[in-house]
Amino acid sequence: MRTGLRSIFFVLGLVSGLSPAWAALPVSVDGKPLPSLAPILREVTPSVVNVYTQTRVRVRSPLLDDPFFRRFFNVPDVPRERVSQSLGSGVIVDAENGYVLTNNHVIARADEIAVGLKDGRSLEAKVIGIDPDTDLAVIQIPPEDLSALQLADTDELQVGDFVVAVGNPFGLGQTVTSGIVSALGRTGLRGLEYQNFIQTDASINPGNSGGALINLRGELVGINSAIFTPSGGNIGIGFAIPSSMARYVMDQLIQFGEVRRGTLGIFVQDLTVELAGAFAMDAGRGVLVAEIAADSAAEDAGLQPGDVIVRMANSSVDSVQDFHNAEGQLALGESLQLEYLRNGKSYTTSLVIQAVPVIIGSEVDYRLKGARFAGLTTQHKQQNLSGVLLDELAPDSRLAREGLAEGDIITGVNRQRVHNLDDFKQVLESARGTILLKIRRGGTSYIARID
């Protein structure tokens, strides 16, 4: 113990004896300045904002549903409210119009949204549009003395590139962390339809969601969205939505208030080792056409089940997710070149993205009593929605008590996507216990729990 203390005092003595010139790192070595991110961050950080939300949730005791209880205790039939708060981050992408890009889960179902700027101002924000399928949203603040970030071309991003994450972790205030691009094209996160994540080891924590991932030129390469963690803390595996995907979604949300997606009418599956051998191809290159929808663009172009799609719009297609991402980022009416293999020969064709086809409705009952479900009608065709329409609903039904309403569109059951009535029936038949319905109403999606 005494030896340890003598060592400590010895070191302290050396440090205290140093001249002031050696008390800190030098600003230069041999006349050359040391590298620093400070100049870039001075330009970038004013464009990254804190996003605060408030959501009012009605709280009602089951006893209040009993008229005798209310009369006996003279309890007014007025539901109480509980206010929940959350925080996240956002990025100003258009200073002239005050557009801020953030995550959908940061502002989902919020009644009030406030944006805090680096200069201390707090501005009220309104929702321009949301896209739950990519977890992106655009909100707008008054365009007063704002600074915007330029979006980078993420097609040039490489594994090993240095990146910096800027956000508001744990509500501490604006925080900067650095790292590298650990991987590209990551998929497999639950609940999202379109996935092409940038993986980084720059520290991302709760509250960073919606913040900026920038390159060393100060350009936005991604919107920080999620982390992989067994314990709830950062372990160096974070995910960001590439700016190329964010740009398309942002433009659609600003123009239409929603993302209008179409379809090629092609159902594909990954090319497994066995299938690749049968087609004399390398596994992981291309996707196999399993089915062609009737009267679709793919049928008009002459594609057939058994064809192998290898390229779409000058981008290679190596998985079902690649195909899905490429299809989801094409506007209605847009034409693209598609390269495919058939019987060992390569072909190229042109297809036009079409609206999701209309599904003719029929009645479904099951355990969801008092409700009639139907396929989507022509009024939803231009919205490019797929799912099941809640066509009729009895006022005293269980679904009505849970807050559902006629006109709601069910897009998922028990975390499985449903595109039509057949999907809906199949999932419900296998469901046991609690049923979780993913509901789309207007421009908002939420989950309803049916026990």
# chains A, B, ... in the order shown; residues from 1 in each chain; ligands from 1
>>> select_by_dssp(residues="stretch 78-178 of chain A", states="alpha helix (DSSP H)", output="PyMOL selection string")
chain A and resi 104-107
>>> residues_around(residues="A:Tyr52", least_positions_apart="3", cutoff="9 Å", atoms="only C-alpha atoms", output="compact mmCIF listing (two decimals) with C-alpha atoms, in the first residue's frame")
# COMPACT_ATOMS: atom_id res chain seq x y z
CA GLN A 85 -43.38 12.72 -22.96
CA SER A 86 -40.58 11.54 -25.22
CA LEU A 87 -37.49 12.99 -26.80
CA GLY A 88 -35.40 12.42 -29.86
CA SER A 89 -33.44 14.27 -32.51
CA VAL A 106 -39.96 9.82 -32.39
CA ILE A 107 -43.18 11.68 -33.21
CA GLU A 112 -47.58 18.37 -29.42
CA ILE A 113 -44.12 18.58 -30.99
CA ALA A 114 -41.45 21.11 -30.05
CA VAL A 115 -38.05 21.51 -31.67
CA GLY A 116 -35.09 22.85 -29.71
>>> residues_around(residues="A:Leu151", least_positions_apart="3", cutoff="12 Å", atoms="only C-alpha atoms", output="list in words")
Val44, Val91, Ile92, Val93, Asp94, Leu101, Ala148, Thr154, Asp155, Ala212, Leu213, Ile214, Asn215, Arg217, Gly218, Glu219, Leu220, Val221, Gly222, Ile223, Pro242, Ser243, Ser244, Met245, Ala246, Arg247, Tyr248 and Met250 of chain A
>>> write_last_selection(atoms="C-alpha atoms", output="PDB file, in the first residue's frame")
ATOM      1  CA  VAL A  44     -22.986  20.952 -38.798  1.00  0.00           C
ATOM      2  CA  VAL A  91     -32.045  17.219 -38.886  1.00  0.00           C
ATOM      3  CA  ILE A  92     -32.909  20.429 -40.722  1.00  0.00           C
ATOM      4  CA  VAL A  93     -32.782  19.510 -44.416  1.00  0.00           C
ATOM      5  CA  ASP A  94     -34.459  22.588 -45.913  1.00  0.00           C
ATOM      6  CA  LEU A 101     -36.217  15.029 -41.058  1.00  0.00           C
ATOM      7  CA  ALA A 148     -29.610  22.975 -43.250  1.00  0.00           C
ATOM      8  CA  THR A 154     -24.579   7.205 -50.049  1.00  0.00           C
ATOM      9  CA  ASP A 155     -23.815   5.102 -53.127  1.00  0.00           C
ATOM     10  CA  ALA A 212     -27.533  12.992 -38.055  1.00  0.00           C
ATOM     11  CA  LEU A 213     -24.818  10.641 -39.218  1.00  0.00           C
ATOM     12  CA  ILE A 214     -22.357  12.754 -41.216  1.00  0.00           C
ATOM     13  CA  ASN A 215     -19.170  12.190 -43.177  1.00  0.00           C
ATOM     14  CA  ARG A 217     -17.169  16.688 -45.361  1.00  0.00           C
ATOM     15  CA  GLY A 218     -20.075  17.590 -43.087  1.00  0.00           C
ATOM     16  CA  GLU A 219     -22.680  15.971 -45.363  1.00  0.00           C
ATOM     17  CA  LEU A 220     -25.617  13.928 -44.108  1.00  0.00           C
ATOM     18  CA  VAL A 221     -25.101  10.247 -44.916  1.00  0.00           C
ATOM     19  CA  GLY A 222     -27.814   8.799 -42.664  1.00  0.00           C
ATOM     20  CA  ILE A 223     -30.567   9.309 -40.104  1.00  0.00           C
ATOM     21  CA  PRO A 242     -29.120   5.998 -45.734  1.00  0.00           C
ATOM     22  CA  SER A 243     -29.657   9.520 -47.025  1.00  0.00           C
ATOM     23  CA  SER A 244     -30.481   8.144 -50.486  1.00  0.00           C
ATOM     24  CA  MET A 245     -33.542   6.377 -49.069  1.00  0.00           C
ATOM     25  CA  ALA A 246     -34.326   9.329 -46.810  1.00  0.00           C
ATOM     26  CA  ARG A 247     -34.227  11.731 -49.779  1.00  0.00           C
ATOM     27  CA  TYR A 248     -36.851   9.767 -51.727  1.00  0.00           C
ATOM     28  CA  MET A 250     -38.711  13.065 -47.778  1.00  0.00           C
TER      29      MET A 250
END
>>> atom_distance(atom1="atom CA of A:Gln140", atom2="atom CA of A:Ile254")
9.9 Å
>>> residues_around(residues="A:Ala108", least_positions_apart="2", cutoff="10 Å", atoms="only C-alpha atoms", output="PyMOL selection string")
chain A and resi 53+55+103-106+110-111+127+130+132+135+137+444-446
>>> closest_residue(among="A:Glu274, A:Asp201, A:Glu429, A:Glu339", to="A:Ile309", atoms="only C-alpha atoms")
A:Glu339
>>> residues_around(residues="A:Ala331", least_positions_apart="6", cutoff="9 Å", atoms="only C-alpha atoms", output="list in words")
Gln252, Val259, Arg260, Arg261, Gly262, Ile353 and Gln354 of chain A
>>> closest_residue(among="A:Phe170, A:Phe239, A:Phe162, A:Phe228", to="A:Gln199", atoms="only C-alpha atoms")
A:Phe239
>>> atom_distance(atom1="atom CA of A:Leu37", atom2="atom CA of A:Ile180")
14.0 Å
>>> select_by_dssp(residues="stretch 25-223 of chain A", states="strand (DSSP E or B)", output="number ranges by chain")
A: 28-29, 32-33, 48-59, 80-94, 99-103, 112-116, 122-124, 126-131, 136-140, 151, 162-167, 175-186, 197-200, 212-214, 220-223
